[in-house]
Every structure is written in structure tokens, then in C-alpha cells.
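Let me begin by presenting the structure, written as C-alpha cells, before commenting on it.
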Amino acid sequence: MVDLDKLRTVAKETVSRDDVKYLIGWSQGTFGYRVSPHFVKTPQEVDSLTFSPLCSNNLATYLTLTEKLPVPRGEEPDTRKVALMVKGCDSRAVVQQLIEQGITREQVYIIGCPCQGVVDLQKVDEKLGEGVEPAQASWENGQISFQLPDGKTEAFPREDVLADKCITCRYPNPVLSDILLWDEVEVWGSDDYEDVKELDSKSPEEKWAFWQDKFSSCIRCYSCRNVCPMCYCEDCILDRLNPTWMFRSNNVVENTAFQVARAFHLAGRCIECGECERVCPVDIPLMKINRKLYKEVREKYEFEPGLDPESKPLQASYRPDDEEDFIL
Amino acid sequence: MNNKPRIGVYVCHCGINIAKTVEIDPVTEYASQLPNVKVARNYSYMCSDPGQLLIREDIEKEGLNRIVVASCSPRMHELTFRKTLAEAGLNPYFLEMANIREQCSWVHEDVEEATAKARKLVASSVAKARLLEPLEEKEVDVEPATLVIGGGIAGIQAALDIANAGFKVYMVEKTPSVGGTMAQLDKTFPTLDCSACILTPKMVDVASHPNIELMTYSQVEEITGYVGNFEVKVRKKARYIDMEKCTGCGICAEECRLKNRIPSEFDVGVGKRSAVYLPFPQAVPAKYTVDPERCLFLTRGKCGESPKCADACPSQAFDFEQADEMVEFKVGAVIVATGFDVFDASRKPEYGYADYDNVLTALEMERLVSASGPTGGKIVLGKGDEAYTPKDIAFIKCVGSRDESVGNEYCSRGCCMYTAKLAHLVHEKIPDANVRIYYMDVRAFGKGFEEFYDRVRREGVRYIRGNPSEIFKRGDKLVIKVEDTLTAKALEDEVDLVVLAVGLEPRKDVREIIDLLRLSQSGDRFFLEAHPKLAPVDTATDGVYLAGCAQGPKDIPDTVAQAKGAASSALILLSSGKVKVQAQIAIVNEATCRSCGYCVEICPYGAIEMVEANRMGHIVSVARVNEALCKGCGACVAGCFSGSIQQKSFKDAQILPQLAVLGVK
């Protein structure tokens with residue numbers, strides 16, 4: 001069970017350590033049901049840390065997103081660890097970053113938070129109306145209860161408000177951590193990729209029409225790329241001007257180029273945290289692409305990213321008996 | 001070379017190879033109109049002397065600084081034209097080839113469309129030519145030594161040739177003795193030379209040659225590095241016998257409690273040996289080896305009161321504490337002469353090899369007729385009182401060759417002739433024997449082969465055309481069910497002995513060598529040569545050469561010839577002392593490298609490593625390409641997410657404009 005006292009005690013001990021630069025956790029947001037990422041540098045700041053069904057954000061993205069400012073001459077770079085609170089899915093992002101050497105194991109201290117699934121705020125809004133005042137939520141006996149600003153409490157069955165990715169989640173417990181805050185939860189999900197199969201069953205023309213419709217609304221805000229814990233090139237190839245892989249104009253052709261390039265760069269790397277889809281302001285069902293590739297990789301190469309830090313990255317490994325029937 | 005591009009375009013007729021389907025004049029005219037093109041000409045054979053002279057003259061007179069040759073595949077003549085440019089004082093990498101033969105005239109029939117395509121291909125090459133950059137060819141020193149893997153006749157011949165030319169050779173042989181399969185043979189076709197008699201002098205030479213370091217009972221564990229500079233690690237397996245002390249007297253083998261209880265590898269199971277053994281009497285080195293998988297003392301830690309072999313050894317050569325020894329050395333070239341396996345006849349269950357004692361493979365027969373074999377050259381089957389001399393003997397050819405059902409479509413090249421030879425030997429030893437040979441075809445293609453085949457037939461060996469469908473037992477006899485396809489008659493032939501002319505197969509441990517040297521296999525699973533006609537001993541890995549049956553089935557003369565070829569290739573490399581390394585290599589933009597190391601995993605040549613770099617005060621790890629190792633295959637470029645690796649002459653910025661001309665954005 002979630003134990004916030006334990007969470008804060010551990011956080012306090014962690015940030016007090018000499019070899020820890022700061023801790024990244026979640027804290028109550030300022031708007032509705034939102035929580036915000038919280039960077040804790042001193043023991044005094046730990047009290048606002050929280051963990052609840054509202055903690056959707058995958059904080060692993062900050063491990064690589066943090067800007068590395070030039071080190072002034074004569075000074076040493078700060079190589080202390082970053083402490084990071086992770087849910088199951090977030091931990092897989094960390095593992096995948098370890099696999100592809102985006103970070104090293106010494107650079108991160110992983111605080112594992114076994115998770116019973118986070119909510120989809122759109123589903124919550126439909127039930128409760130869009131809240132403005134800060135509110136809280138918690139897991140209670142298979143339900144998720146909301147403590148509304150007016151003091152009332154509303155509870156719903158988990159399945160009604162959980163994010164889609166959580167309903168099928170197979171890894172609610174961190175796959176890698178230095179310390180686990182409470183007992184692991186029982187795995188409830190199984191994933192047969194029903195949603196992918198549904199889209200797969202359509203004709204190429206129908207699929208093309210579907211995606212052209214979705215991509216035509218893309219405003220190329222790059223939120224999906226920025227929030228993605230796996231998108232962390234110093235210099236994204238799609239940003240370059242010479243040669244220009246993707247033009248700046250916002251139209252369905254360039255939008256498609258962007259989304260296709262991103263999808264293929266994530267094949268065998270996406271760990272299904274669903275952050276891209278959550279932050280998309282125009283509701284493009286991005287996980288449908290990522291999950292399609294996830295399914296193909298899992299079936300064809302018996303590979304799942306973000307599980308074993310010792311495994312070789314999919315795109316950089318080869319077995320003589322790898323399937324290649326799709327190569328012309 | 002900061003001048004504006006001044007491009008010369010040369011369109012080749014290639015006789016009528018190109019001119020037949022592509023109209024040359026319109027293409028030349030079109031090329032002359034392209035931006036930056038100063039000269040556009042055509043000629044019947046650009047690769048000829050006058051053709052090349054055209055280019056050289058224009059470079060001098062017109063001040064050309066980029067050349068586009070529209071002709072054949074660059075695999076054919078890129079090196080030719082690079083040389084032309086260099087002779088005219090231009091950097092050879094200012095050349096771009098448009099392939100209007102293999103990719104245009106040879107694959108199209110419609111002249112109009114082919115001409116239009118040729119135009120586009122030329123235009124796209126011109127677009128790239130504008131963006132070409134000069135490249136530098138670097139040279140590295142060559143370590144004057146060669147590693148020969150495998151001590152059969154191929155390895156022996158190659159090693160001797162190289163050693164005689166004055167260069168160091170390290171020969172690594174897996175088994176306790178050199179000699180390979182040739183040592184197991186009785187006579188060789190078609191001359192009937194005694195195999196051992198012609199081979200053993202060479203085996204002795206290998207062991208005693210001052211330039212050859214022979215490592216038997218050893219295995220290559222690791223090969224790193226690149227052409228001219230390979231680093232080799234060899235494991236010398238423990239023989240449990242001190243090589244210095246052993247005199248090869250053989251008393252130990254006589255004393256061994258397992259004497260005559262272990263099937264001899266050399267006699268392919270027909271004969272038996274002890275747990276401490278010399279593979280065969282002429283073995284080189286003539287030193288005994290303890291079989292660690294059979295020896296009672298080594299497997300159970302106990303052999304009676306104490307091991308009788310060690311007690312009996314007059315020179316106290318036994319050392320059961322001996323451990324494997326690792327040896328490391330450097331070589332410039334590697335010759336792979338790992339040989340073959342014979343086809344496992346039990347994979348053709350209809351021939352009953354696994355069921356009947358009197359169904360033998362040809363190699364077993366070879367040991368049976370051999371004067372040095374377990375029966376002293378007498379063809380006797382059965383044991384003790386039941387021993388008998390077979391009278392009706394049948395050979396079945398193409399067992400495991402030319403047979404798709406077992407995955408071997410190829411002809412093993414030797415079986416026709418060794419069958420004829422064995423049939424002859426049978427006749428010699430059992431004059432009243434009835435010998436017949438069941439065959440699909442008789443391939444007697446080599447020098448003296450047809451004459452030998454004729455001779456054997458005149459001796460009374462019957463050749464019956466037909467592929468037996470089944471062999472079964474009836475009483476004491478074996479019955480061969482077969483259709484004589486020349487008379488269309490079904491036969492049931494009763495015989496005493498069946499000899500299966502088994503084909504040659506790639507070795508079962510071929511994977512080990514592939515992993516060591518990153519070699520490729522052809523469709524038949526033998527090692528792939530660099531070019532089937534013009535580079536039959538080279539491989540795609542520079543400095544690695546093939547000899548003998550590792551590359552494909554061969555008889556002894558062909559094996560020796562190829563071994564000499566491989567030795568000559570290695571010698572060219574060693575004696576030149578320098579080797580040019582690929583110039584069109586991959587380079588890493590360390591500023592944008594994302595440290596993922598995918599390229600390191602992807603690189604088939606082990607040419608990329610991660611190194612520490614200082615990025616504005618932060619220590620990051622970035623990829624770096626070893627210029628001597630990189631072959632310019634471009635695999636890393638395709639695998640790099642952040643586009644931080646580019647291949648010289650094939651940079652994105654060079655290729656994309658080229659593609660754009662073809663109508664692809």
C-alpha cells in the first residue's frame with residue numbers, strides 16, 4: 001500500500017546523501033487533478049512529494065532532458081547521482097536508457113513505487129467535470145477515490161477511470177530499483193493487443209485514410225517528442241537543415257514524415273508509457289503506432305525493450321535465425 | 001580544390017552492350033547541357049586505353065575536376081577509372097560512375113525508355129559528382145607472418161610455400177596430427193599413387209621447417225585486427241604428455257586399460273585405439289595424446305591403483321596436471337584451410353547405414369583397403385569365426401550430393417573418381433569379386449579421369465544407371481532395390497557389401513570460423529569467395545584467404561593448386577609490406593553522437609569503439625571509427641539514430657541530391 005510517510009522519509013534520506021544531486025518526484029499540481037514533476041534538492045522540500053493515481057508523468061525523461069550547461073574552466077562537472085521515483089512503466093524507460101547507454105547505472109538512484117495504475121484525466125473529466133481547484137485521488141480497495149475541492153469524496157471502479165495503458169499493464173512493479181517503497185502489487189493485466197489487431201484488420205487504404213485524418217490535425221508542437229523518455233538525441237536528425245529530412249511546413253505530408261520517422265526510431269525501444277499520447281493536444285492516438293511496432297517486435301524477434309539492462313538493443317543485435325520474410 | 005565543379009561526362013557504348021538499348025548520342029548531348037558539365041563525350045570502350053586517354057587529356061586541357069563515367073557497375077571498373085584520374089593528377093575520389101549497363105541496358109528492351117532512364121542516371125551521378133570531396137588513402141604496415149588454420153593437404157601446401165618464400169607461418173591444427181583427410185586415403189585417383197607416401201614427406205617438412213611454428217591439438221580462439229595486423233589467440237589444448245619428453249615409443253598405448261576399446265577417429269570407427277593414442281603411425285608430430293573424454297584417470301580420477309600408461313612410460317612424459325596453454329601472436333594474413341566433413345550416411349535412412357554392418361561409407365572402405373588400415377589392407381567383414389570376404393559388392397554414388405532432400409544440391413566432385421578407384425582396388429584384392437556401381441551420371445572431367453574410368457570398366461566393373469530406392473536384408477544378403485533407368489527394368493540386386501559414395505559437406509563447426517573471421521557462406525554453406533571467377537581464394541575480409549574444401553568440394557590436385565593460390569595471395573600482401581586501407585570510411589560527428597553504441601554492435605568488422613570525449617566540460621562516451629578496420633559498408637550509418645555517422649563519398653548530403661534528380665524527394 002502507498003505509504004507517503006515512508007516515501008518522504010526515504011526522499012529525505014536520499015537527498016541528504018553526498019552523492020545525490022537532486023531527487024525527481026511528483027507533487028500536487030496547481031490545477032485540477034494534475035500533479036507536477038518536483039525537483040527536490042534539500043531535505044526541507046520533501047513534504048510536498050506525493051504518489052497517487054494522478055502521477056501519470058514519466059519522470060525518466062528528465063534524466064536525459066536535463067540540459068548539460070558548459071562547465072566553467074577550472075571546475076569539475078557535477079557527476080553526482082540523480083534520484084528518481086519510478087512506477088513500473090517508468091522503470092522500463094530507465095532500463096531502456098541503460099541498455100542504450102543514454103545513462104549509466106552510476107548516474108541514477110532508482111526509488112521504486114509499485115503502482116496500481118494511473119488515471120486518464122479525460123475519463124475523470126467526463127465523470128466529474130473539469131476541475132479547476134486542486135484535488136487529490138487515491139487507490140482504495142479496487143476503487144479510485146477522488147477528494148474533491150468541496151470536501152466531498154467520489155469513488156469509481158478502477159477500470160472506469162484508469163488510463164488504457166494501465167488496464168493492460170503487465171509491469172506495474174518497477175523492473176529495476178535501488179529501493180522499493182512498499183510491497184509489490186499483484187499484476188492484473190495481460191495484453192493481447194486487441195486494439196492493434198482491430199486497426200490491422202483494415203485495408204491499407206482504410207488505414208492510410210485513418211492516419212491521414214489524424215496526422216492532418218498534428219500541429220507539430222513536438223510535445224510527443226519532448227515528453228518521450230526515449231527521444232533524447234543531442235541533436236535530432238529531424239531538426240537538421242542540411243540535409244533536410246523533414247520540412248518545417250505544417251501539412252499532412254511533412255507531419256506524416258515526422259510521425260513515421262519517430263515511430264521507426266521507437267521500434268523495439270518504446271516501453272509503452274503512453275506519455276506521447278497523453279500530452280498530445282490534438283488527441284492523435286500515437287500509441288496505436290507504437291503498439292503496432294511493439295507487437296511486431298515482440299512476435300517476430302521475441303524481444304521486449306526495457307526489461308533487462310544487460311540485453312542488447314534490438315536494432316543493434318542480430319541472430320542468424322531472425323525472421324526476414326518481410327524483406328523483398 | 002575549392003574551384004567550382006568542372007565536370008566531364010563520359011558515356012560508354014561498351015561495344016553494343018549499352019549502345020544496343022541506349023541511344024548514346026542523345027544521352028551525351030543531354031549530359032553536356034547539365035549544370036557544371038564542361039565536357040561530355042562518348043566512346044566505344046571507355047575502359048580501353050584510348051578511352052582512358054580521353055579522360056586524361058580532358059582533365060589537362062579543360063581543367064576538369066570531377067569525372068562521371070556512364071558505363072558498367074562500379075564493381076567492374078571503378079578502380080580502373082580511379083587510376084585514370086590519379087594518373088592525370090586528380091584525386092581518384094572525384095570519380096562518380098553511372099551504371100547504365102547492369103542497371104539499364106542489360107535489363108531493358110525498349111530503347112526509348114532505356115535512353116530516358118540512362119539520362120536520369122547520368123544526371124543523378126552529375127548531381128552527386130558536384131558534391132564529391134577528395135579523400136586520402138592511408139597505408140599501414142603488414143606483419144610479415146601468416147596464420148594457416150587447418151593442417152590438411154591444403155594448409156600444409158600453403159604453409160610450405162609461404163615458409164619457403166621466407167615468411168613466418170603459424171599453423172594451427174585441431175587434431176593431434178597434421179595430415180587431414182588425405183592421410184586417411186589409401187591410393188589417389190587416377191594415378192594410384194600411395195596417398196600416405198606422397199603426403200608424409202610434406203607433413204614432416206611442415207614440422208621441421210624453421211619458418212613454420214606448428215601447433216597441433218590447438219584451436220584458434222580469437223582473431224582481432226585487420227588486414228596486415230591480425231592479433232591471434234590460440235589455445236594449445238593439454239595433451240597430458242610433455243611434448244619434449246615423449247619419444248613416441250607407444251608403450252603407453254599398449255599398457256592402456258582401454259586398449260582397443262575406443263573407436264579410432266583416423267580409422268573412422270573401423271579400427272580401435274587406446275585412451276592415450278597416436279592417431280596413425282606416420283602422425284606428425286609423433287607424440288602421444290591423452291583423450292581427456294575417455295581416459296579413466298582424467299574422467300573418473302582413478303585408473304586402477306595408478307595409471308599404467310604413466311608408470312610404463314620410459315621417459316616419464318606423463319603430466320596429468322597439465323593445463324591448456326594460451327598463445328598470442330600477430331600475423332598479416334590468414335589462410336583458412338579447415339576442410340570438410342563427409343556426409344553422414346544415416347541421413348539417408350533408406351540405405352540402412354545405421355542398421356547394417358555391411359553398409360559402409362567410402363571413407364570406411366578406404367581404411368579397409370588401406371595397407372596401414374586395421375585389417376592390413378584385407379577386405380574382410382565380420383569378426384573372428386564369422387569373418388568373410390565379400391564377393392558381391394555394390395557402390396552407390398551421389399549419397400548426400402546432388403540431393404535436394406538432404407539440402408545438398410551440389411556435386412561433390414570427387415566421388416565419381418574415388419568410387420572408380422575403390423572399385424579398382426576391390427578388383428585387385430578380390431579378383432573374383434562382382435563389382436557394380438549404381439550411378440546417376442559419371443563425371444570424369446579432370447586430367448586422366450576419363451581414361452581411368454575407361455580402365456575400370458574394362459576391368460569388369462559394371463556401371464548401372466539408377467538411383468537405389470531401398471536397401472534391406474534378406475538372409476545373409478543385402479538387397480538393393482533399384483530401377484535400371486537405361487533399360488527401364490526394376491532390379492533386386494543381392495550383395496554382400498554396399499559402399500556408399502558419400503559426398504563432402506561443410507564442417508559442422510564451420511560457425512566457429514565464421515565467428516572468428518566474419519566470413520560469409522555461399523548457398524551450399526561452404527565459405528564464400530570474393531568472386532567466383534576472378535577472386536576464388538580471396539574472401540570479403542581483406543587478408544583472409546581460402547584454400548581447399550573449406551571453399552567447396554575439391555579433389556587433391558585442385559586443393560593443392562588453390563592452396564598455392566592462397567599462399568601466393570598472402571605472399572603478395574606480405575612481400576609488399578604495406579597495405580592501403582579503405583578511404584571511403586565512416587566518420588563520427590562526435591558533437592552529436594548520442595553514446596548509444598548501436599554502431600559498435602552493428603559493425604561487422606569490429607571497427608568502432610566507444611571512447612571518452614570532453615563535451616563542454618562533461619565527460620561523455622562517443623563512437624570512434626578505426627580507420628584501418630573500417631570497410632566502408634555503411635551499416636553503422638544506417639543504424640545511427642541521430643545521423644551522427646556519415647560515410648565519406650556517401651554522405652546524406654551527397655546522396656539526397658542524387659536521389660532528388662531521380663524524382664524522389
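Following the order of the C-alpha cells, chains are lettered A, B, ..., residues in each are numbered from 1, and ligands are numbered from 1.
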Please report as a PDB file with C-alpha atoms, in the first residue's frame which residues of chain A come no farther than 7 Å from chain B, using only C-alpha atoms.
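File out_31.pdb, as written:
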ATOM      1  CA  PRO A  70      29.101  24.154 -20.162  1.00  0.00           C
ATOM      2  CA  VAL A  71      31.377  23.552 -17.202  1.00  0.00           C
ATOM      3  CA  PRO A  77      31.365  18.614 -13.832  1.00  0.00           C
ATOM      4  CA  GLU A 100      21.341   2.070 -24.995  1.00  0.00           C
ATOM      5  CA  GLN A 101      23.771   3.885 -22.731  1.00  0.00           C
ATOM      6  CA  GLY A 102      21.722   7.062 -22.555  1.00  0.00           C
ATOM      7  CA  CYS A 233      19.399  12.784 -29.212  1.00  0.00           C
ATOM      8  CA  GLU A 234      21.510  15.876 -28.555  1.00  0.00           C
ATOM      9  CA  ASP A 235      20.606  17.000 -32.000  1.00  0.00           C
ATOM     10  CA  CYS A 236      17.501  15.420 -33.532  1.00  0.00           C
ATOM     11  CA  ILE A 237      18.027  14.400 -37.126  1.00  0.00           C
ATOM     12  CA  ASN A 242      21.367  20.068 -44.310  1.00  0.00           C
ATOM     13  CA  PRO A 243      20.235  17.637 -45.440  1.00  0.00           C
ATOM     14  CA  HIS A 265      13.086   5.308 -34.253  1.00  0.00           C
ATOM     15  CA  ALA A 316      21.822  -3.379 -32.994  1.00  0.00           C
ATOM     16  CA  SER A 317      21.574  -7.116 -32.497  1.00  0.00           C
TER      17      SER A 317
END
Determine, counting only C-alpha atoms, which protein, DNA and RNA residues have an atom within 12 Å of an atom of Phe326 of chain A; residues of the same chain fewer than 3 positions away are not included. Present the result as a VMD selection string. chain A and resid 296 300 322 to 323
Which parts of segment 162-319 of chain A does DSSP call helix (DSSP H, G or I) when run on the backbone here, written out as a PyMOL selection string?
chain A and resi 164-167+194-200+204-216+223-227+237-239+252-266+275-279+286-301+314-316
| Rounded to one decimal in Å, what is the spacing between atom CA of Leu54 of chain B and atom CA of Asn42 of chain B? |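 Atom CA of Asn42 of chain B lies 9.5 Å from atom CA of Leu54 of chain B.
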Atom CA of Lys61 of chain B sits from atom CA of Thr115 of chain B at a separation of 29.5 Å
Taking 2 positions as the minimum chain separation for residues in the same chain, which residues sit within 9 Å of Asp191 of chain A when counting only C-alpha atoms? Answer as a PyMOL selection string.
chain A and resi 167-170+189+193-194
Next, dump the selected residues to file, keeping only N, CA and C atoms, as a compact mmCIF listing (two decimals), in the first residue's frame.
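Saved file again-v4.txt follows:
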# COMPACT_ATOMS: atom_id res chain seq x y z
N ILE A 167 -4.80 -0.42 -17.98
CA ILE A 167 -5.74 -1.54 -17.94
C ILE A 167 -5.04 -2.81 -18.44
N THR A 168 -4.16 -2.65 -19.46
CA THR A 168 -3.47 -3.82 -19.99
C THR A 168 -2.06 -3.97 -19.43
N CYS A 169 -1.72 -3.16 -18.42
CA CYS A 169 -0.33 -3.12 -17.92
C CYS A 169 0.15 -4.48 -17.40
N ARG A 170 1.32 -4.89 -17.85
CA ARG A 170 1.90 -6.15 -17.39
C ARG A 170 3.07 -5.92 -16.43
N GLY A 189 -2.86 -7.21 -15.32
CA GLY A 189 -3.10 -7.03 -16.75
C GLY A 189 -2.54 -8.15 -17.58
N TYR A 193 -3.10 -7.16 -27.38
CA TYR A 193 -3.02 -6.18 -28.49
C TYR A 193 -4.30 -6.16 -29.34
N GLU A 194 -5.44 -6.23 -28.66
CA GLU A 194 -6.73 -6.20 -29.33
C GLU A 194 -6.86 -4.94 -30.20
